[in-house]
$ cat start_33.txt   # compact mmCIF, C-alpha atoms
# COMPACT_ATOMS: atom_id res chain seq x y z
CA MET A 1088 36.29 78.27 -22.21
CA ALA A 1089 32.61 78.95 -21.77
CA GLN A 1090 30.66 76.70 -19.51
CA VAL A 1091 27.38 75.31 -20.75
CA SER A 1092 24.76 74.53 -18.16
CA VAL A 1093 21.87 72.23 -18.87
CA LEU A 1094 18.69 73.13 -17.08
CA PRO A 1095 16.18 70.34 -16.35
CA THR A 1096 13.12 70.58 -18.47
CA GLU A 1097 9.87 68.71 -18.49
CA SER A 1098 9.94 65.41 -20.30
CA THR A 1099 8.37 65.44 -23.71
CA VAL A 1100 7.47 61.73 -23.46
CA GLU A 1101 3.88 61.38 -22.50
CA GLU A 1102 3.02 58.57 -20.14
CA PRO A 1103 0.05 56.44 -21.16
CA GLU A 1104 -3.06 57.27 -19.28
CA ILE A 1105 -4.73 54.42 -17.45
CA ASP A 1106 -8.42 54.22 -18.01
CA SER A 1107 -10.08 53.30 -14.75
CA ARG A 1108 -13.16 52.26 -16.69
CA ALA A 1109 -11.22 49.56 -18.59
CA SER A 1110 -12.52 46.05 -18.22
CA VAL A 1111 -10.72 43.79 -15.77
CA ASP A 1112 -10.42 40.05 -16.23
CA GLU A 1113 -12.49 38.55 -13.45
CA GLU A 1114 -10.66 35.19 -13.49
CA SER A 1115 -7.21 36.76 -13.16
CA ALA A 1116 -8.51 39.02 -10.35
CA GLN A 1117 -9.42 36.07 -8.18
CA PRO A 1118 -6.78 35.40 -5.50
CA GLU A 1119 -6.66 31.65 -6.06
CA LEU A 1120 -5.96 32.11 -9.79
CA GLN A 1121 -3.30 34.78 -9.44
CA GLY A 1122 0.07 33.48 -10.51
CA VAL A 1123 -1.51 30.65 -12.49
CA ARG A 1124 -2.60 32.34 -15.72
CA PHE A 1125 0.22 33.60 -17.88
CA ARG A 1126 -0.41 35.94 -20.80
CA LEU A 1127 2.17 36.65 -23.46
CA PRO A 1128 2.01 39.90 -25.37
CA GLU A 1129 0.44 39.79 -28.78
CA THR A 1130 3.47 41.32 -30.45
CA THR A 1131 6.11 38.80 -29.45
CA THR A 1132 9.55 38.47 -30.93
CA SER A 1133 10.75 35.51 -32.95
CA GLU A 1134 12.63 34.21 -29.93
CA VAL A 1135 9.39 33.07 -28.29
CA SER A 1136 8.33 29.81 -29.96
CA ASP A 1137 4.80 28.61 -30.47
CA TRP A 1138 5.09 25.72 -28.02
CA ILE A 1139 5.76 28.13 -25.16
CA LYS A 1140 2.57 29.98 -26.01
CA ASP A 1141 0.58 26.76 -26.06
CA ALA A 1142 2.09 25.54 -22.79
CA TRP A 1143 1.47 28.70 -20.79
CA SER A 1144 -1.60 30.17 -22.50
CA SER A 1145 -4.05 28.76 -19.95
CA TRP A 1146 -4.13 26.21 -17.14
CA GLU A 1147 -7.16 24.42 -18.52
CA ASN A 1148 -5.36 23.34 -21.70
CA ARG A 1149 -2.69 21.35 -19.91
CA SER A 1150 -2.64 17.57 -20.14
CA LEU A 1151 -3.41 15.87 -16.82
CA TRP A 1152 -3.28 12.22 -17.90
CA ARG A 1153 -0.16 11.54 -15.83
CA TYR A 1154 -1.75 12.81 -12.62
CA PRO A 1155 -3.92 10.69 -10.27
CA SER A 1156 -7.64 11.31 -10.30
CA LYS A 1157 -7.71 11.88 -6.53
CA PRO A 1158 -5.16 12.15 -3.69
CA GLY A 1159 -3.76 8.82 -2.56
CA SER A 1160 -4.61 6.99 -5.79
CA MET A 1161 -2.48 5.84 -8.71
CA PRO A 1162 -2.56 7.53 -12.12
CA GLU A 1163 -4.96 5.98 -14.58
CA TYR A 1164 -2.30 4.80 -17.00
CA LEU A 1165 -0.51 2.95 -14.18
CA CYS A 1166 -3.77 1.35 -13.04
CA ARG A 1167 -4.46 0.19 -16.57
CA ALA A 1168 -0.94 -1.24 -16.91
CA PHE A 1169 -1.28 -3.00 -13.55
CA ARG A 1170 -4.53 -4.72 -14.54
CA VAL A 1171 -3.16 -5.72 -17.95
CA LYS A 1172 -0.07 -7.20 -16.32
CA SER A 1173 -2.03 -9.12 -13.67
CA PHE A 1174 -4.58 -10.57 -16.08
CA SER A 1175 -1.84 -11.44 -18.58
CA LEU A 1176 0.12 -13.39 -15.96
CA MET A 1177 -2.99 -15.29 -14.93
CA SER A 1178 -3.84 -16.05 -18.57
CA ILE A 1179 -0.37 -17.49 -19.17
CA GLN A 1180 -0.55 -19.45 -15.94
CA LEU A 1181 -3.95 -20.97 -16.76
CA ALA A 1182 -2.80 -21.87 -20.29
CA VAL A 1183 0.24 -23.72 -18.92
CA VAL A 1184 -1.90 -25.41 -16.26
CA PHE A 1185 -4.33 -26.64 -18.94
CA ILE A 1186 -1.50 -28.05 -21.08
CA ILE A 1187 0.03 -29.90 -18.10
CA MET A 1188 -3.40 -31.23 -17.15
CA VAL A 1189 -3.93 -32.68 -20.63
CA LEU A 1190 -0.47 -34.32 -20.64
CA VAL A 1191 -0.83 -35.81 -17.16
CA ASP A 1192 -4.33 -37.11 -17.92
CA HIS A 1193 -3.33 -38.53 -21.30
CA TYR A 1194 -0.31 -40.49 -20.06
CA HIS A 1195 -1.93 -41.51 -16.73
CA VAL A 1196 1.09 -40.60 -14.65
CA TRP A 1197 -0.50 -41.92 -11.47
CA SER A 1198 -0.95 -45.38 -13.07
CA ASN A 1199 2.68 -45.55 -14.14
CA VAL A 1200 3.79 -44.81 -10.59
CA LEU A 1201 1.61 -47.61 -9.20
CA THR A 1202 2.55 -50.37 -11.65
CA ASP A 1203 4.22 -52.43 -8.92
CA LEU A 1204 1.12 -52.46 -6.74
CA GLN A 1205 -1.56 -55.08 -7.11
CA THR A 1206 -4.79 -54.17 -8.84
CA GLY A 1207 -7.76 -53.55 -6.62
CA HIS A 1208 -8.07 -51.78 -3.32
CA PHE A 1209 -4.36 -51.12 -2.79
CA GLN A 1210 -4.01 -49.38 -6.13
CA ASP A 1211 -7.02 -47.15 -5.42
CA ILE A 1212 -5.49 -46.13 -2.08
CA GLY A 1213 -2.19 -45.41 -3.79
CA GLN A 1214 -3.87 -43.18 -6.36
CA GLU A 1215 -5.58 -41.16 -3.65
CA VAL A 1216 -2.31 -40.83 -1.72
CA ILE A 1217 -0.52 -39.47 -4.80
CA PHE A 1218 -3.40 -37.13 -5.59
CA TYR A 1219 -3.62 -35.56 -2.13
CA SER A 1220 0.17 -35.43 -1.83
CA ALA A 1221 0.25 -33.34 -4.99
CA GLY A 1222 -2.47 -31.14 -3.52
CA PHE A 1223 -0.48 -30.63 -0.32
CA ALA A 1224 2.64 -29.76 -2.34
CA THR A 1225 0.59 -27.23 -4.31
CA LEU A 1226 -0.64 -25.70 -1.04
CA ILE A 1227 2.96 -25.36 0.20
CA CYS A 1228 3.94 -23.64 -3.07
CA ILE A 1229 1.05 -21.17 -2.76
CA MET A 1230 2.07 -20.30 0.80
CA ALA A 1231 5.71 -19.87 -0.22
CA THR A 1232 4.71 -17.61 -3.11
CA PHE A 1233 2.67 -15.45 -0.75
CA CYS A 1234 5.60 -15.14 1.69
CA MET A 1235 8.04 -14.22 -1.10
CA LYS A 1236 5.63 -12.12 -3.17
CA GLU A 1237 7.83 -8.99 -3.01
CA ARG A 1238 11.22 -10.66 -3.51
CA TYR A 1239 12.25 -10.57 -7.15
CA PRO A 1240 13.13 -12.90 -8.90
CA MET A 1241 12.18 -15.50 -6.31
CA ASN A 1242 8.47 -14.66 -6.66
CA TYR A 1243 8.52 -15.49 -10.38
CA TRP A 1244 10.34 -18.77 -9.80
CA LEU A 1245 7.83 -19.78 -7.14
CA MET A 1246 4.97 -18.80 -9.43
CA ALA A 1247 6.41 -21.12 -12.12
CA VAL A 1248 6.73 -24.00 -9.63
CA THR A 1249 3.18 -23.39 -8.37
CA THR A 1250 1.92 -23.46 -11.97
CA MET A 1251 3.54 -26.84 -12.61
CA MET A 1252 2.26 -28.31 -9.35
CA SER A 1253 -1.26 -27.00 -9.99
CA GLY A 1254 -1.25 -28.57 -13.46
CA MET A 1255 -0.16 -31.93 -12.05
CA PHE A 1256 -2.69 -31.73 -9.22
CA TRP A 1257 -5.60 -30.87 -11.50
CA GLY A 1258 -4.42 -33.39 -14.10
CA MET A 1259 -4.66 -36.26 -11.61
CA THR A 1260 -8.28 -35.47 -10.74
CA ARG A 1261 -9.54 -38.41 -12.81
CA ALA A 1262 -7.55 -40.73 -10.55
CA VAL A 1263 -10.23 -40.00 -7.94
CA VAL A 1264 -13.30 -38.80 -9.88
CA GLN A 1265 -14.14 -39.79 -13.46
CA THR A 1266 -15.19 -36.45 -14.92
CA THR A 1267 -13.99 -33.81 -17.37
CA MET A 1268 -15.50 -30.88 -15.52
CA HIS A 1269 -12.13 -29.59 -14.30
CA PHE A 1270 -10.87 -29.25 -17.90
CA GLN A 1271 -13.90 -27.17 -18.80
CA ILE A 1272 -13.52 -24.93 -15.73
CA VAL A 1273 -9.87 -24.13 -16.47
CA ALA A 1274 -10.70 -23.43 -20.13
CA ILE A 1275 -13.50 -21.02 -19.20
CA LEU A 1276 -11.26 -19.26 -16.67
CA PHE A 1277 -8.56 -18.90 -19.31
CA CYS A 1278 -11.03 -17.22 -21.67
CA SER A 1279 -12.17 -14.96 -18.83
CA MET A 1280 -8.64 -13.79 -18.08
CA MET A 1281 -7.86 -13.23 -21.75
CA GLY A 1282 -11.02 -11.19 -22.14
CA ALA A 1283 -10.17 -9.21 -19.01
CA THR A 1284 -6.72 -8.44 -20.42
CA ILE A 1285 -8.24 -6.98 -23.58
CA ALA A 1286 -11.00 -5.17 -21.70
CA SER A 1287 -8.48 -3.54 -19.35
CA GLN A 1288 -6.92 -1.81 -22.34
CA VAL A 1289 -10.27 -0.63 -23.70
CA LEU A 1290 -12.12 0.45 -20.54
CA ARG A 1291 -11.03 3.93 -19.48
CA LYS A 1292 -13.97 5.70 -17.80
CA GLN A 1293 -15.36 2.96 -15.56
CA ARG A 1294 -14.51 2.85 -11.86
CA GLY A 1295 -15.14 0.58 -8.88
CA PRO A 1296 -16.89 -2.81 -9.01
CA LYS A 1297 -18.40 -1.92 -12.37
CA LEU A 1298 -14.91 -2.04 -13.85
CA LEU A 1299 -14.32 -5.60 -12.60
CA ILE A 1300 -17.69 -6.81 -13.88
CA LEU A 1301 -17.17 -5.31 -17.32
CA SER A 1302 -13.65 -6.76 -17.45
CA LEU A 1303 -14.48 -10.36 -16.49
CA ALA A 1304 -18.02 -10.83 -17.81
CA PRO A 1305 -17.35 -10.71 -21.58
CA GLY A 1306 -14.53 -13.25 -21.46
CA TRP A 1307 -16.54 -15.56 -19.23
CA ALA A 1308 -19.54 -15.38 -21.58
CA VAL A 1309 -17.39 -16.21 -24.61
CA GLY A 1310 -15.65 -19.04 -22.75
CA ALA A 1311 -18.93 -20.54 -21.52
CA ALA A 1312 -20.45 -20.39 -25.02
CA CYS A 1313 -17.41 -22.05 -26.60
CA ASN A 1314 -17.43 -24.70 -23.88
CA VAL A 1315 -21.08 -25.56 -24.60
CA LEU A 1316 -20.43 -25.85 -28.34
CA VAL A 1317 -17.32 -28.01 -28.00
CA CYS A 1318 -18.75 -30.31 -25.34
CA ARG A 1319 -22.07 -30.79 -27.14
CA LEU A 1320 -20.87 -31.11 -30.74
CA VAL A 1321 -17.41 -32.67 -30.33
CA LEU A 1322 -17.13 -34.41 -26.97
CA HIS A 1323 -20.84 -35.27 -26.55
CA ASP A 1324 -20.59 -34.66 -22.83
CA LEU A 1325 -23.50 -34.76 -20.41
CA ASP A 1326 -25.63 -31.66 -19.89
CA ARG A 1327 -25.22 -31.67 -16.13
CA VAL A 1328 -21.41 -31.67 -16.51
CA ILE A 1329 -21.57 -28.68 -18.86
CA LEU A 1330 -23.96 -26.84 -16.57
CA GLY A 1331 -21.84 -27.65 -13.54
CA SER A 1332 -18.62 -26.38 -15.13
CA THR A 1333 -20.34 -23.17 -16.23
CA GLY A 1334 -21.77 -22.51 -12.77
CA LEU A 1335 -18.56 -23.40 -10.92
CA SER A 1336 -16.47 -21.17 -13.18
CA MET A 1337 -18.78 -18.26 -12.34
CA LEU A 1338 -18.50 -19.13 -8.65
CA LEU A 1339 -14.70 -19.10 -8.89
CA LEU A 1340 -14.72 -15.70 -10.57
CA CYS A 1341 -17.00 -14.32 -7.85
CA ILE A 1342 -14.67 -15.65 -5.14
CA PHE A 1343 -11.66 -14.25 -6.98
CA SER A 1344 -13.31 -10.83 -7.38
CA MET A 1345 -14.25 -10.59 -3.70
CA ASP A 1346 -10.83 -11.76 -2.59
CA SER A 1347 -8.54 -9.71 -4.85
CA GLY A 1348 -10.89 -7.04 -6.21
CA ARG A 1349 -9.41 -4.37 -3.94
CA TYR A 1350 -5.95 -5.01 -5.40
CA LEU A 1351 -7.26 -4.63 -8.95
CA LEU A 1352 -8.97 -1.34 -8.00
CA HIS A 1353 -6.20 0.25 -5.92
CA CYS A 1354 -3.56 -0.96 -8.41
CA ARG A 1355 -0.48 -0.61 -6.22
CA PRO A 1356 2.47 -1.92 -8.28
CA ASP A 1357 3.74 -4.25 -5.53
CA ASP A 1358 0.39 -6.06 -5.18
CA PHE A 1359 0.31 -7.83 -8.54
CA MET A 1360 1.61 -11.10 -7.05
CA LYS A 1361 -1.19 -11.03 -4.48
CA VAL A 1362 -3.66 -11.22 -7.37
CA VAL A 1363 -1.88 -14.26 -8.80
CA VAL A 1364 -1.74 -15.96 -5.40
CA SER A 1365 -5.46 -15.30 -4.95
CA MET A 1366 -6.23 -17.02 -8.25
CA ASN A 1367 -4.06 -20.02 -7.32
CA SER A 1368 -5.85 -20.28 -4.00
CA THR A 1369 -9.26 -19.98 -5.68
CA LEU A 1370 -8.49 -22.90 -8.00
CA MET A 1371 -8.27 -25.18 -4.96
CA VAL A 1372 -12.02 -24.86 -4.33
CA VAL A 1373 -13.16 -27.34 -6.97
CA VAL A 1374 -10.50 -29.99 -6.41
CA SER A 1375 -10.18 -29.87 -2.64
CA ILE A 1376 -12.16 -27.58 -0.35
CA PRO A 1377 -9.98 -28.30 2.74
CA PHE A 1378 -6.87 -27.18 0.87
CA PHE A 1379 -8.68 -24.01 -0.23
CA VAL A 1380 -9.74 -23.24 3.36
CA LEU A 1381 -6.15 -23.68 4.59
CA SER A 1382 -4.66 -21.47 1.87
CA PHE A 1383 -7.38 -18.83 2.30
CA CYS A 1384 -6.89 -18.64 6.06
CA PHE A 1385 -3.11 -18.52 5.73
CA ILE A 1386 -3.14 -15.72 3.17
CA HIS A 1387 -5.60 -13.47 5.01
CA THR A 1388 -4.06 -14.14 8.43
CA GLY A 1389 -0.67 -13.15 7.03
CA GLU A 1390 -2.10 -9.96 5.54
CA ALA A 1391 -3.73 -9.04 8.86
CA VAL A 1392 -0.46 -9.57 10.74
CA ILE A 1393 1.49 -7.45 8.23
CA GLU A 1394 -1.04 -4.61 8.40
CA ASP A 1395 -0.98 -4.63 12.22
CA GLU A 1396 2.82 -4.46 12.24
CA GLN A 1397 2.82 -1.55 9.81
CA GLU A 1398 0.22 0.36 11.84
CA THR A 1399 2.21 -0.26 15.03
CA GLU A 1400 5.42 1.04 13.46
CA VAL A 1401 3.72 4.15 12.13
CA SER A 1402 1.98 4.94 15.43
CA THR A 1403 5.23 4.41 17.39
CA GLN A 1404 7.14 6.74 15.08
CA VAL A 1405 4.45 9.42 15.30
CA ARG A 1406 4.39 9.17 19.10
CA GLU A 1407 8.17 9.53 19.33
CA ASP A 1408 8.19 12.55 17.01
CA HIS A 1409 5.41 14.18 19.02
CA GLN A 1410 7.32 13.67 22.27
CA VAL A 1411 10.47 15.18 20.80
CA MET A 1412 8.58 18.21 19.50
CA SER A 1413 6.73 18.73 22.80
CA ARG A 1414 10.02 18.78 24.76
CA GLY A 1415 11.40 21.44 22.41
CA GLU A 1416 14.77 19.74 21.98
CA PRO A 1417 17.43 21.40 19.82
CA GLU A 1418 17.72 20.85 16.10
CA GLU A 1419 20.71 18.55 16.55
CA ARG A 1420 18.32 15.79 17.59
CA TRP A 1421 16.63 16.04 14.20
CA GLN A 1422 19.80 15.63 12.20
CA THR A 1423 19.99 12.40 10.26
CA THR A 1424 22.68 9.91 11.10
CA GLU A 1425 24.92 8.38 8.53
CA VAL A 1426 23.99 4.81 7.70
CA GLU A 1427 26.37 2.51 5.95
CA ALA A 1428 25.08 1.64 2.49
CA PRO A 1429 24.35 -2.05 1.97
CA THR A 1430 26.65 -4.03 -0.22
CA GLN A 1431 25.56 -5.41 -3.56
CA ALA A 1432 24.87 -8.82 -2.01
CA GLU A 1433 22.70 -7.34 0.75
CA ALA A 1434 20.79 -4.81 -1.39
CA PRO A 1435 17.32 -6.05 -2.36
CA VAL A 1436 16.81 -6.69 -6.03
CA GLN A 1437 14.05 -4.62 -7.59
CA ASP A 1438 11.50 -6.11 -9.92
CA PRO A 1439 11.91 -4.53 -13.38
CA MET A 1440 8.26 -5.37 -14.18
CA ALA A 1441 6.88 -3.65 -11.08
CA TYR A 1442 5.91 -0.47 -12.91
CA SER A 1443 5.54 -1.76 -16.45
CA VAL A 1444 3.68 -4.51 -18.22
$ encode --input "start_33.txt" --output "structure tokens"
Amino acid sequence: MAQVSVLPTESTVEEPEIDSRASVDEESAQPELQGVRFRLPETTTSEVSDWIKDAWSSWENRSLWRYPSKPGSMPEYLCRAFRVKSFSLMSIQLAVVFIIMVLVDHYHVWSNVLTDLQTGHFQDIGQEVIFYSAGFATLICIMATFCMKERYPMNYWLMAVTTMMSGMFWGMTRAVVQTTMHFQIVAILFCSMMGATIASQVLRKQRGPKLLILSLAPGWAVGAACNVLVCRLVLHDLDRVILGSTGLSMLLLCIFSMDSGRYLLHCRPDDFMKVVVSMNSTLMVVVSIPFFVLSFCFIHTGEAVIEDEQETEVSTQVREDHQVMSRGEPEERWQTTEVEAPTQAEAPVQDPMAYSV
């Protein structure tokens, strides 16, 4: 049979010529943008869906609402949820405190306890003893809530007990001083917290102290105006009492903002109970300044001790790691050791509301 040999010939397929004068995309030529911009060909097959084109067409069109605005900060939606949760808890707490105050004042609980005592000086002393005993119990509850602020569900139970004790303590104020100023202050603070809850959902572009002012000021203004109308037209209260309650409510909000403002700006999920404890401590100013001073000193001393311990642990760990690296020890020293997992009884219970409202 004849053998057929095939000789190599030049390819008839012409390669496309590259025009050196063609325009080059300046953005894609930059080193920092290489690998970021993705371009799909114009003539794509049906297998490539439209959402892939939209997702990878350009970096600028991507949604960044889940990312923090700067390193070390929380995303904006988490900050907004944290503030809404904190102000909502304080609104509920102040509403319950106001209801308990009205009930205690209406039924004169302190008088029913002292029915066996004689009228006169002994009964007055007994009323003061009951009043300051309730204040001391409230102080103990505030301290316990601060110590257990990160232990769920104990922190919520202690917050409920503190709310009841605060309502009883404030409700017995007329056993010592005949005034209605404390009712007006709690009502104005309740309106302030409700307004702050609504404002926290609306305000999205404000940052820093301006955010706190715009959150608390509208609710306080509405609460103060309603207080003036009710006290003047319905209760016919004295002008100096109305003016005093308005000024003291503003003073309490200023103290609260200076004390817990950093928590409402940093918005770390585990700090929401610190905001509630700060409000409970601030409420002690009007009724009893000594109790407020004790709670304020206890809270901030405890925070300073905790921060010092954390800094010491971090510095010790960094020093040990630096020593190990400087000695050039083998990699076996860096292997992790097996730690026995805690049982269900020993494992800490996580707060389901820590990252949600």
$ closest_residue --input "start_33.txt" --among "A:His1195, A:Lys1172, A:His1387, A:His1269" --to "Leu1370 (chain A)" --atoms "all atoms listed in the file"
A:His1269
$ residues_around --input "start_33.txt" --residues "Leu1335 (chain A)" --least-positions-apart "6" --cutoff "12 Å" --atoms "all atoms listed in the file" --output "MDAnalysis selection string"
chainID A and resid 1268:1273 1275:1276 1307 1311 1327:1329 1341:1342 1369:1370 1372:1374
$ closest_residue --input "start_33.txt" --among "A:Phe1185, A:Ser1287, A:His1409, A:Met1246" --to "Ile1300 (chain A)" --atoms "only C-alpha atoms"
A:Ser1287
$ residues_around --input "start_33.txt" --residues "Val1264 (chain A)" --least-positions-apart "2" --cutoff "12 Å" --atoms "only C-alpha atoms" --output "list in words"
Asp1211, Gln1214, Glu1215, Phe1218, Trp1257, Gly1258, Met1259, Thr1260, Arg1261, Ala1262, Thr1266, Thr1267, Met1268, His1269, Val1373, Val1374 and Ser1375 of chain A
$ atom_distance --input "start_33.txt" --atom1 "CA of Tyr1350 (chain A)" --atom2 "CA of Ile1186 (chain A)"
28.2 Å
$ axis_aligned_box --input "start_33.txt" --around "region 1256-1264 of chain A" --padding-each-side "6 Å" --output "JSON"
{"center_x": -8.0, "center_y": -35.8, "center_z": -11.0, "size_x": 22.6, "size_y": 21.9, "size_z": 18.2}
$ atom_distance --input "start_33.txt" --atom1 "CA of Leu1165 (chain A)" --atom2 "CA of Cys1228 (chain A)"
29.2 Å
$ atom_distance --input "start_33.txt" --atom1 "CA of Ala1224 (chain A)" --atom2 "CA of Val1362 (chain A)"
20.2 Å
$ closest_residue --input "start_33.txt" --among "A:Leu1351, A:His1193, A:Thr1232, A:Pro1162" --to "Gly1295 (chain A)" --atoms "all atoms listed in the file"
A:Leu1351
$ closest_residue --input "start_33.txt" --among "A:Met1360, A:Val1380, A:Thr1399, A:Thr1250" --to "Cys1234 (chain A)" --atoms "all atoms listed in the file"
A:Met1360
$ closest_residue --input "start_33.txt" --among "A:Val1289, A:Ala1182, A:Met1235, A:Val1309" --to "Ala1168 (chain A)" --atoms "all atoms listed in the file"
A:Val1289
$ closest_residue --input "start_33.txt" --among "A:Leu1301, A:Met1371, A:Met1412, A:Ala1286" --to "Leu1226 (chain A)" --atoms "all atoms listed in the file"
A:Met1371
$ residues_around --input "start_33.txt" --residues "Leu1325 (chain A)" --least-positions-apart "5" --cutoff "12 Å" --atoms "all atoms listed in the file" --output "PyMOL selection string"
chain A and resi 1266-1268+1315+1317-1320+1330-1332
$ residues_around --input "start_33.txt" --residues "Ile1227 (chain A)" --least-positions-apart "2" --cutoff "12 Å" --atoms "only C-alpha atoms" --output "ChimeraX atom specification"
/A:1220-1225,1229-1234,1245-1246,1248-1249,1252-1253,1364,1367-1368,1378-1379,1381-1382,1385-1386
$ decode --input "start_33.txt" --residues "region 1290-1301 of chain A" --atoms "C-alpha atoms" --output "mmCIF file, in the first residue's frame"
data_model
loop_
_atom_site.group_PDB
_atom_site.id
_atom_site.type_symbol
_atom_site.label_atom_id
_atom_site.label_comp_id
_atom_site.auth_asym_id
_atom_site.auth_seq_id
_atom_site.Cartn_x
_atom_site.Cartn_y
_atom_site.Cartn_z
ATOM 1 C CA LEU A 1290 -30.998 58.858 63.063
ATOM 2 C CA ARG A 1291 -28.506 57.223 60.711
ATOM 3 C CA LYS A 1292 -25.835 59.778 59.756
ATOM 4 C CA GLN A 1293 -25.084 61.426 63.096
ATOM 5 C CA ARG A 1294 -22.039 60.403 65.131
ATOM 6 C CA GLY A 1295 -20.506 61.185 68.513
ATOM 7 C CA PRO A 1296 -22.074 63.401 71.198
ATOM 8 C CA LYS A 1297 -24.361 64.952 68.598
ATOM 9 C CA LEU A 1298 -26.113 61.602 68.298
ATOM 10 C CA LEU A 1299 -26.849 61.460 72.041
ATOM 11 C CA ILE A 1300 -28.147 65.029 72.109
ATOM 12 C CA LEU A 1301 -30.444 64.493 69.142
#
